[in-house]
file my_file.cif (mmCIF, C-alpha atoms)
data_work
#
loop_
_atom_site.label_atom_id
_atom_site.label_comp_id
_atom_site.auth_asym_id
_atom_site.auth_seq_id
_atom_site.Cartn_x
_atom_site.Cartn_y
_atom_site.Cartn_z
CA MET T 136 -10.08 -2.97 17.87
CA ARG T 137 -7.81 -5.97 17.31
CA ALA T 138 -4.35 -5.26 15.92
CA PHE T 139 -1.95 -7.48 13.99
CA HIS T 140 1.77 -7.25 13.25
CA HIS T 141 4.68 -9.63 12.74
CA PRO T 142 8.14 -8.76 14.10
CA ASP T 143 9.82 -10.03 10.91
CA GLN T 144 8.46 -6.97 9.12
CA VAL T 145 11.30 -4.95 10.61
CA LEU T 146 13.93 -7.06 8.80
CA HIS T 147 13.51 -5.27 5.47
CA ALA T 148 16.17 -2.55 5.58
CA PRO T 149 16.54 -0.89 2.16
CA GLN T 150 19.83 0.87 1.45
CA GLN T 151 19.06 2.71 -1.79
CA TYR T 152 16.38 5.10 -3.01
CA MET T 153 16.47 7.27 -6.12
CA ARG T 154 14.87 10.73 -5.98
CA PHE T 155 15.46 13.77 -8.20
CA GLY T 156 18.24 12.00 -10.07
CA ARG T 157 20.37 11.09 -7.09
CA LEU T 158 20.58 8.62 -4.26
CA ALA T 159 18.50 10.00 -1.41
CA PRO T 160 18.09 9.01 2.25
CA VAL T 161 16.02 5.87 2.57
CA ARG T 162 12.50 6.67 3.83
CA ASP T 163 10.95 3.28 4.61
CA LEU T 164 13.00 2.82 7.77
CA PRO T 165 12.45 -0.13 10.14
CA ALA T 166 11.94 2.42 12.92
CA ARG T 167 8.54 3.24 11.44
CA THR T 168 7.14 0.09 13.01
CA GLU T 169 8.55 1.00 16.43
CA ARG T 170 6.73 4.34 16.42
CA LEU T 171 3.43 2.81 15.38
CA LEU T 172 3.73 -0.03 17.88
CA GLY T 173 4.42 2.58 20.53
CA ALA T 174 1.19 4.38 19.67
CA LEU T 175 -0.75 1.13 19.99
CA ALA T 176 0.89 0.37 23.34
CA ARG T 177 0.00 3.79 24.71
CA ARG T 178 -3.62 3.09 23.88
CA GLY T 179 -3.46 -0.35 25.49
CA VAL T 180 -4.02 -2.16 22.19
CA ALA T 181 -2.50 -5.65 22.24
CA VAL T 182 -0.75 -6.72 19.04
CA GLU T 183 -1.23 -10.24 17.70
CA PRO T 184 1.14 -11.98 15.27
CA PRO T 185 -0.52 -13.39 12.18
CA PRO T 186 -0.46 -17.13 11.49
CA ALA T 187 1.86 -18.43 8.77
CA LEU T 188 -0.42 -18.23 5.75
CA GLY T 189 2.29 -18.36 3.09
CA THR T 190 1.63 -17.09 -0.42
CA GLY T 191 -1.99 -18.23 -0.56
CA PRO T 192 -3.44 -14.80 0.25
CA ALA T 193 -1.09 -13.03 -2.17
CA LEU T 194 -2.02 -15.37 -5.02
CA ALA T 195 -5.55 -13.99 -4.87
CA VAL T 196 -4.28 -10.73 -6.40
CA HIS T 197 -0.74 -11.38 -7.73
CA THR T 198 0.53 -13.59 -10.54
CA PRO T 199 2.48 -16.76 -9.65
CA ALA T 200 5.43 -15.69 -11.82
CA TYR T 201 5.71 -12.37 -9.97
CA LEU T 202 5.67 -14.07 -6.57
CA ARG T 203 8.32 -16.56 -7.74
CA PHE T 204 10.51 -13.64 -8.77
CA LEU T 205 10.18 -11.92 -5.40
CA GLU T 206 10.86 -15.13 -3.50
CA THR T 207 13.98 -16.09 -5.47
CA ALA T 208 15.45 -12.71 -6.46
CA TRP T 209 17.95 -12.36 -3.62
CA ALA T 210 19.47 -15.82 -4.00
CA ARG T 211 19.86 -15.26 -7.74
CA TRP T 212 21.31 -11.79 -7.14
CA GLU T 213 23.98 -13.18 -4.81
CA ALA T 214 25.22 -15.37 -7.66
CA LEU T 215 25.93 -12.40 -9.94
CA PRO T 216 29.49 -11.15 -10.40
CA ASP T 217 30.28 -7.62 -9.23
CA ARG T 218 26.78 -7.14 -7.86
CA GLY T 219 25.58 -4.18 -5.85
CA PRO T 220 24.20 -4.34 -2.30
CA GLU T 221 20.59 -4.96 -3.36
CA VAL T 222 18.51 -6.21 -6.28
CA TRP T 223 18.00 -3.07 -8.30
CA PRO T 224 16.91 -2.89 -11.96
CA ASN T 225 18.95 -1.11 -14.60
CA THR T 226 16.48 -1.45 -17.45
CA PHE T 227 12.71 -1.04 -17.73
CA PRO T 228 10.48 -2.42 -20.51
CA TYR T 229 7.98 -0.32 -22.37
CA TRP T 230 4.41 -1.29 -21.51
CA SER T 231 1.21 0.36 -22.70
CA GLY T 232 -0.73 -0.13 -19.48
CA ARG T 233 -3.87 -1.47 -21.17
CA PRO T 234 -6.59 -1.17 -18.49
CA GLY T 235 -8.60 -4.19 -19.65
CA GLU T 236 -5.83 -6.64 -18.82
CA ALA T 237 -5.51 -8.02 -15.30
CA ALA T 238 -1.73 -8.36 -15.66
CA ARG T 239 1.00 -8.44 -18.26
CA PRO T 240 2.24 -11.72 -19.72
CA ASP T 241 4.97 -13.39 -17.68
CA CYS T 242 8.35 -11.79 -18.32
CA PRO T 243 9.83 -13.21 -21.53
CA ALA T 244 13.39 -12.77 -20.24
CA THR T 245 14.84 -15.62 -18.19
CA GLY T 246 17.77 -13.74 -16.65
CA LEU T 247 17.55 -11.92 -13.35
CA ILE T 248 18.45 -8.48 -14.71
CA GLY T 249 15.74 -8.61 -17.34
CA GLN T 250 13.20 -9.88 -14.85
CA ALA T 251 14.15 -7.20 -12.30
CA GLY T 252 13.26 -4.50 -14.84
CA TRP T 253 9.95 -6.22 -15.55
CA TYR T 254 8.83 -6.88 -11.97
CA LEU T 255 10.44 -3.96 -10.08
CA GLY T 256 8.72 -0.92 -11.49
CA ASP T 257 10.95 1.90 -10.25
CA LEU T 258 14.03 2.69 -8.19
CA SER T 259 12.26 2.79 -4.84
CA VAL T 260 11.88 -0.98 -4.44
CA PRO T 261 15.37 -2.41 -3.89
CA MET T 262 15.41 -5.97 -2.60
CA GLY T 263 17.80 -7.13 0.11
CA PRO T 264 18.23 -10.50 1.86
CA ASP T 265 15.14 -10.04 4.04
CA THR T 266 12.79 -8.13 1.74
CA TRP T 267 10.76 -11.17 0.73
CA THR T 268 10.35 -12.30 4.33
CA SER T 269 9.18 -8.88 5.49
CA ALA T 270 6.84 -8.41 2.53
CA LEU T 271 5.30 -11.84 3.06
CA ARG T 272 4.82 -11.26 6.79
CA SER T 273 3.28 -7.85 6.05
CA ASN T 274 0.88 -9.51 3.64
CA GLU T 275 0.02 -12.23 6.14
CA THR T 276 -0.70 -9.48 8.68
CA ALA T 277 -3.32 -7.90 6.43
CA ALA T 278 -4.82 -11.30 5.65
CA ALA T 279 -5.08 -12.22 9.33
CA ALA T 280 -6.80 -8.94 10.14
CA ALA T 281 -9.26 -9.54 7.30
CA ASP T 282 -9.94 -13.03 8.62
CA ALA T 283 -10.82 -11.49 12.00
CA LEU T 284 -13.58 -9.46 10.31
CA VAL T 285 -14.76 -12.49 8.37
CA ALA T 286 -15.06 -14.27 11.72
CA GLY T 287 -17.24 -11.50 13.13
CA GLU T 288 -15.02 -8.72 14.50
CA ARG T 289 -16.22 -5.19 13.75
CA SER T 290 -12.80 -3.57 13.37
CA ALA T 291 -9.14 -4.48 13.04
CA TYR T 292 -5.83 -2.75 12.35
CA ALA T 293 -3.04 -4.31 10.29
CA LEU T 294 0.35 -2.72 10.93
CA CYS T 295 1.93 -3.51 7.58
CA ARG T 296 5.49 -2.78 6.54
CA PRO T 297 6.46 -2.81 3.72
CA SER T 298 3.35 -0.99 2.55
CA GLY T 299 1.33 -2.31 -0.36
CA HIS T 300 -0.93 0.05 -2.28
CA HIS T 301 1.53 0.74 -5.12
CA ALA T 302 2.09 -2.97 -5.84
CA ARG T 303 0.25 -4.09 -8.96
CA ALA T 304 -0.72 -7.62 -9.87
CA ASP T 305 2.75 -8.24 -11.29
CA ARG T 306 4.95 -5.31 -10.32
CA ALA T 307 6.50 -3.71 -7.24
CA SER T 308 6.87 0.07 -6.97
CA GLY T 309 6.78 2.93 -4.48
CA PHE T 310 8.24 1.01 -1.50
CA CYS T 311 5.54 -1.69 -2.05
CA TYR T 312 6.01 -5.36 -3.01
CA LEU T 313 2.73 -7.13 -2.15
CA ASN T 314 -0.59 -5.32 -2.13
CA ASN T 315 -1.79 -5.79 1.44
CA THR T 316 -4.92 -3.68 0.95
CA ALA T 317 -6.01 -5.64 -2.11
CA VAL T 318 -5.38 -8.97 -0.38
CA ALA T 319 -7.47 -7.83 2.58
CA ALA T 320 -10.34 -6.80 0.29
CA ARG T 321 -10.27 -10.14 -1.54
CA ARG T 322 -10.43 -12.07 1.74
CA LEU T 323 -13.30 -9.93 3.00
CA GLY T 324 -15.06 -10.85 -0.23
CA THR T 325 -15.42 -14.42 1.02
CA ARG T 326 -18.09 -13.15 3.44
CA PHE T 327 -19.17 -9.71 2.20
CA ALA T 328 -20.65 -9.35 -1.27
CA ARG T 329 -19.56 -5.72 -1.68
CA VAL T 330 -16.32 -4.37 -0.26
CA ALA T 331 -15.22 -0.73 -0.47
CA ILE T 332 -11.64 0.52 -0.22
CA VAL T 333 -10.96 4.10 0.84
CA ASP T 334 -7.29 5.00 0.40
CA VAL T 335 -6.15 8.05 2.39
CA ASP T 336 -2.49 8.70 1.59
CA ALA T 337 -0.41 11.42 -0.04
CA HIS T 338 0.06 9.10 -3.02
CA HIS T 339 -2.51 7.55 -5.32
CA GLY T 340 -3.15 3.85 -4.66
CA ASP T 341 -2.27 2.92 -8.23
CA GLY T 342 -1.63 -0.75 -7.57
CA THR T 343 -4.95 -1.21 -5.81
CA GLN T 344 -6.72 0.61 -8.62
CA GLN T 345 -5.09 -1.62 -11.24
CA ILE T 346 -6.00 -4.84 -9.43
CA PHE T 347 -9.70 -3.96 -9.16
CA TYR T 348 -10.12 -1.74 -12.23
CA THR T 349 -12.38 -4.24 -14.01
CA SER T 350 -14.26 -5.39 -10.87
CA ALA T 351 -17.79 -4.45 -9.86
CA ASP T 352 -17.70 -6.13 -6.45
CA VAL T 353 -14.93 -3.93 -5.01
CA LEU T 354 -15.25 -0.15 -5.00
CA THR T 355 -11.90 1.66 -4.96
CA VAL T 356 -11.71 5.27 -3.77
CA SER T 357 -8.38 7.09 -3.45
CA ILE T 358 -7.83 10.50 -1.84
CA HIS T 359 -4.34 11.76 -2.63
CA ALA T 360 -2.24 14.66 -3.84
CA ASP T 361 -2.65 15.74 -7.46
CA PRO T 362 -0.38 13.36 -9.41
CA SER T 363 0.32 15.69 -12.34
CA ASP T 364 3.69 16.53 -10.75
CA TYR T 365 3.86 13.94 -7.97
CA TYR T 366 4.29 10.20 -7.65
CA PRO T 367 2.92 8.00 -9.20
CA PHE T 368 2.44 10.62 -11.97
CA TYR T 369 0.60 8.46 -14.52
CA THR T 370 -2.54 7.45 -12.61
CA GLY T 371 -4.80 8.98 -9.97
CA TYR T 372 -6.76 11.38 -12.16
CA ALA T 373 -10.46 12.07 -11.72
CA ALA T 374 -11.33 10.71 -15.17
CA GLU T 375 -10.23 7.17 -14.22
CA ALA T 376 -13.55 5.50 -13.39
CA GLY T 377 -12.95 1.81 -14.10
CA HIS T 378 -13.05 -0.38 -17.19
CA GLY T 379 -15.53 -2.91 -18.56
CA ALA T 380 -17.50 -4.45 -15.71
CA GLY T 381 -15.64 -2.11 -13.36
CA GLU T 382 -16.83 1.08 -15.05
CA GLY T 383 -18.10 3.40 -12.33
CA PHE T 384 -16.46 1.50 -9.47
CA ASN T 385 -13.26 3.54 -9.21
CA LEU T 386 -13.17 7.06 -7.82
CA ASN T 387 -10.11 9.30 -7.58
CA LEU T 388 -10.25 12.48 -5.50
CA PRO T 389 -6.95 14.31 -6.12
CA LEU T 390 -6.19 17.24 -3.81
CA PRO T 391 -4.17 20.35 -4.72
CA HIS T 392 -0.68 20.36 -3.24
CA GLY T 393 -0.67 22.17 0.07
CA SER T 394 -4.18 21.00 1.00
CA GLY T 395 -4.92 20.54 4.69
CA GLY T 396 -7.58 19.08 6.92
CA ASP T 397 -10.54 20.94 5.42
CA ALA T 398 -9.86 19.64 1.91
CA MET T 399 -9.34 16.14 3.26
CA ALA T 400 -12.63 16.31 5.17
CA ALA T 401 -14.53 17.40 2.06
CA ALA T 402 -12.98 14.57 0.04
CA LEU T 403 -13.89 12.07 2.75
CA ASP T 404 -17.48 13.26 2.64
CA ALA T 405 -17.52 12.63 -1.12
CA ALA T 406 -15.93 9.22 -0.58
CA ALA T 407 -18.51 8.33 2.07
CA GLU T 408 -21.34 9.26 -0.28
CA ARG T 409 -19.95 6.94 -2.94
CA VAL T 410 -19.42 4.11 -0.44
CA ARG T 411 -23.02 4.37 0.76
CA GLY T 412 -24.32 4.50 -2.81
CA PHE T 413 -22.32 1.39 -3.63
CA GLY T 414 -24.04 -0.48 -0.81
CA ALA T 415 -20.78 -1.59 0.76
CA GLU T 416 -21.00 -4.31 3.40
CA ALA T 417 -17.41 -3.95 4.61
CA LEU T 418 -14.68 -1.31 4.40
CA VAL T 419 -10.92 -1.43 3.97
CA VAL T 420 -9.12 1.79 4.88
CA ALA T 421 -5.67 2.12 3.31
CA LEU T 422 -4.21 4.61 5.78
CA GLY T 423 -1.10 6.63 5.03
CA PHE T 424 0.38 9.30 7.25
CA ASP T 425 2.56 10.85 4.53
CA ALA T 426 -0.21 13.43 4.17
CA HIS T 427 1.19 15.01 7.34
CA ARG T 428 2.79 18.43 6.85
CA ASP T 429 6.18 17.22 8.15
CA ASP T 430 6.50 14.20 5.88
CA PRO T 431 9.85 14.34 4.03
CA ILE T 432 8.31 13.29 0.70
CA GLY T 433 4.80 14.67 1.21
CA VAL T 434 3.08 17.67 -0.38
CA LEU T 435 -0.09 17.85 1.74
CA LYS T 436 -0.41 19.78 4.99
CA LEU T 437 -2.45 17.76 7.45
CA ASP T 438 -1.71 17.91 11.15
CA ALA T 439 -1.92 14.89 13.46
CA ALA T 440 -5.23 16.22 14.79
CA ASP T 441 -6.72 16.06 11.29
CA PHE T 442 -6.48 12.29 11.40
CA HIS T 443 -8.95 12.36 14.29
CA ALA T 444 -11.52 13.68 11.82
CA VAL T 445 -10.45 11.04 9.27
CA GLY T 446 -11.12 8.28 11.77
CA ARG T 447 -14.42 9.80 12.90
CA ARG T 448 -15.76 10.17 9.36
CA LEU T 449 -14.82 6.63 8.36
CA ALA T 450 -16.29 5.15 11.54
CA ALA T 451 -19.55 6.99 10.80
CA LEU T 452 -20.09 4.67 7.83
CA GLY T 453 -20.97 2.01 10.41
CA LEU T 454 -19.31 -0.83 8.50
CA PRO T 455 -17.04 -3.66 9.59
CA THR T 456 -13.71 -1.91 9.00
CA LEU T 457 -10.17 -3.10 8.43
CA VAL T 458 -7.44 -0.44 8.61
CA VAL T 459 -4.29 -1.33 6.65
CA GLN T 460 -1.22 0.79 7.32
CA GLU T 461 0.30 2.36 4.21
CA GLY T 462 2.80 5.26 4.05
CA GLY T 463 4.10 7.80 6.52
CA TYR T 464 7.80 8.68 6.88
CA ALA T 465 8.04 11.50 9.43
CA LEU T 466 9.08 9.38 12.40
CA ASP T 467 8.06 11.92 15.01
CA ALA T 468 4.62 12.41 13.44
CA ILE T 469 3.33 8.94 12.60
CA GLY T 470 2.73 7.82 16.19
CA PRO T 471 0.59 10.87 17.04
CA CYS T 472 -1.21 10.47 13.70
CA LEU T 473 -2.16 6.87 14.49
CA ASP T 474 -3.21 7.81 18.00
CA ALA T 475 -5.43 10.61 16.68
CA PHE T 476 -6.96 8.35 14.04
CA LEU T 477 -7.80 5.61 16.54
CA GLU T 478 -9.23 8.14 18.96
CA GLY T 479 -11.48 9.54 16.23
CA PHE T 480 -12.46 6.11 14.99
CA SER T 481 -13.54 4.98 18.45
CA ALA T 482 -15.25 8.25 19.46
#

call {"tool": "encode", "arguments": {"input": "my_file.cif", "output": "structure tokens"}}
result
Amino acid sequence: MRAFHHPDQVLHAPQQYMRFGRLAPVRDLPARTERLLGALARRGVAVEPPPALGTGPALAVHTPAYLRFLETAWARWEALPDRGPEVWPNTFPYWSGRPGEAARPDCPATGLIGQAGWYLGDLSVPMGPDTWTSALRSNETAAAAADALVAGERSAYALCRPSGHHARADRASGFCYLNNTAVAARRLGTRFARVAIVDVDAHHGDGTQQIFYTSADVLTVSIHADPSDYYPFYTGYAAEAGHGAGEGFNLNLPLPHGSGGDAMAAALDAAAERVRGFGAEALVVALGFDAHRDDPIGVLKLDAADFHAVGRRLAALGLPTLVVQEGGYALDAIGPCLDAFLEGFSA
């Protein structure tokens, strides 16, 4: 398995995170990459830096206005009087979330504060001086790994930080700024007619769902904790099946809080059945380790060994497979989780 990562991804160092009505310890720490790189090194997997692809890959799934905001937000923030340490919204617009629309109109407000509320969807996506650089490098990493499969590789791993599956076409949220999983799927679509995404993470992949909700050429499957009292709260329910041409091409498999490896295995079997029925030619795995029992913001109870079974079941699909790293915030657990997954995938 080829692996990709760019060292600039460690530059993003958020200082603020709102949880339960108060500032909480930041969870998306730069040290996450060190633990995952360590797991790759122990397995003898060489890590390749992605080429400089710029915003081209991101434009396949994100609006130009949103990317312009992300790229320019810090410089504009620095010009504000009495500013805080990071770009952080203090107002949010009402939006109906109409599923038939690929994205909202461009933000009507021209000022930074208004635009921050439009494009930064919650209080877990602060932007510092290096956020854009890290997000772009993370996105390039996923694109480069996808290009490896397009060129004929059977499997690749993209170590992406910041993560991406909560980023919508025109909005950041949930520690995510650019949707790496969606970008990877779009690039695989240049060779493979039908691409399936299986998202295994404590949280619903709401951004990925939104981007492909009206598409019939990309199947989106998300296995996650029941969102009725868990982030992202408003999506991830079993009734969400797609819209228009995408009707029937979205599958959510929410798990009761406290679920462990057996529940995950059963959900993966259901996901595999749908992927086979779809006739997928390639697979993107959005892999989060926040389903581990020790995760500080998780509600599922998987052990590291359970990710061995996750890898084994996904490999059994026999498809060219790109693994995109998503969440996972228990620093002592994520390395063993990745090691177990790779061991299962290669078994």

call {"tool": "residues_near_point", "arguments": {"input": "my_file.cif", "point": "(14.2, 4.8, -4.3)", "cutoff": "10 Å", "atoms": "only C-alpha atoms", "output": "PyMOL selection string"}}
result
chain T and resi 149-155+157-163+223+257-261+308-310

call {"tool": "atom_distance", "arguments": {"input": "my_file.cif", "atom1": "atom CA of His300 of chain T", "atom2": "atom CA of Gly235 of chain T"}}
result
19.5 Å

call {"tool": "resolve_selection", "arguments": {"input": "my_file.cif", "expression": "the PyMOL selection byres ((chain T and resi 148) around 10)", "output": "list in words"}}
result
Gln144, Val145, Leu146, His147, Pro149, Gln150, Gln151, Val161, Asp163, Leu164, Pro165, Ala166, Pro261, Met262, Gly263, Pro264, Asp265, Thr266, Ser269 and Pro297 of chain T

call {"tool": "resolve_selection", "arguments": {"input": "my_file.cif", "expression": "the PyMOL selection byres ((chain T and resi 172) around 12)", "output": "ChimeraX atom specification"}}
result
/T:138-142,145,165-171,173-183,292-296,460,469-471,473-474

call {"tool": "atom_distance", "arguments": {"input": "my_file.cif", "atom1": "atom CA of Gly423 of chain T", "atom2": "atom CA of Tyr229 of chain T"}}
result
29.7 Å

call {"tool": "atom_distance", "arguments": {"input": "my_file.cif", "atom1": "atom CA of Val330 of chain T", "atom2": "atom CA of Phe480 of chain T"}}
result
18.9 Å

call {"tool": "resolve_selection", "arguments": {"input": "my_file.cif", "expression": "the PyMOL selection byres ((chain T and resi 449) around 10)", "output": "list in words"}}
result
Val333, Leu403, Asp404, Ala406, Ala407, Leu418, Val419, Val420, Ala444, Val445, Gly446, Arg447, Arg448, Ala450, Ala451, Leu452, Gly453, Leu454, Thr456, Phe476, Gly479 and Phe480 of chain T

call {"tool": "residues_around", "arguments": {"input": "my_file.cif", "residues": "Asp430 of chain T", "least_positions_apart": "5", "cutoff": "12 Å", "atoms": "all atoms listed in the file", "output": "list in words"}}
result
Arg162, Asp163, Asp336, Ala337, Gly423, Phe424, Asp425, Leu435, Lys436, Leu437, Asp438, Ala439, Gly462, Gly463, Tyr464, Ala465, Leu466, Asp467, Ala468, Ile469 and Cys472 of chain T

call {"tool": "closest_residue", "arguments": {"input": "my_file.cif", "among": "T:His443, T:His338, T:Arg329, T:His427", "to": "Phe413 of chain T", "atoms": "all atoms listed in the file"}}
result
T:Arg329

call {"tool": "closest_residue", "arguments": {"input": "my_file.cif", "among": "T:His339, T:Ala320, T:Pro391, T:Leu284", "to": "Tyr369 of chain T", "atoms": "only C-alpha atoms"}}
result
T:His339

call {"tool": "closest_residue", "arguments": {"input": "my_file.cif", "among": "T:Ala331, T:Ala317, T:Ala360, T:Met399", "to": "Ala304 of chain T", "atoms": "only C-alpha atoms"}}
result
T:Ala317

call {"tool": "residues_around", "arguments": {"input": "my_file.cif", "residues": "Gly377 of chain T", "least_positions_apart": "4", "cutoff": "10 Å", "atoms": "only C-alpha atoms", "output": "number ranges by chain"}}
result
T: 234-235, 344-345, 347-351, 354-355, 381-386

call {"tool": "closest_residue", "arguments": {"input": "my_file.cif", "among": "T:Leu194, T:Ala405, T:Val434, T:Leu457", "to": "Ala280 of chain T", "atoms": "all atoms listed in the file"}}
result
T:Leu457

call {"tool": "closest_residue", "arguments": {"input": "my_file.cif", "among": "T:Asp282, T:Glu213, T:Asp305, T:Glu206", "to": "Leu255 of chain T", "atoms": "all atoms listed in the file"}}
result
T:Asp305

call {"tool": "residues_around", "arguments": {"input": "my_file.cif", "residues": "segment 243-248 of chain T", "least_positions_apart": "6", "cutoff": "12 Å", "atoms": "only C-alpha atoms", "output": "list in words"}}
result
Ala200, Arg203, Phe204, Leu205, Thr207, Ala208, Trp209, Ala210, Arg211, Trp212, Glu213, Ala214, Leu215, Arg218, Val222, Trp223, Pro224, Asn225, Thr226, Phe227, Pro228, Tyr254 and Leu255 of chain T

call {"tool": "closest_residue", "arguments": {"input": "my_file.cif", "among": "T:Gly249, T:Gly156, T:Gly287, T:Gly299", "to": "Val196 of chain T", "atoms": "all atoms listed in the file"}}
result
T:Gly299
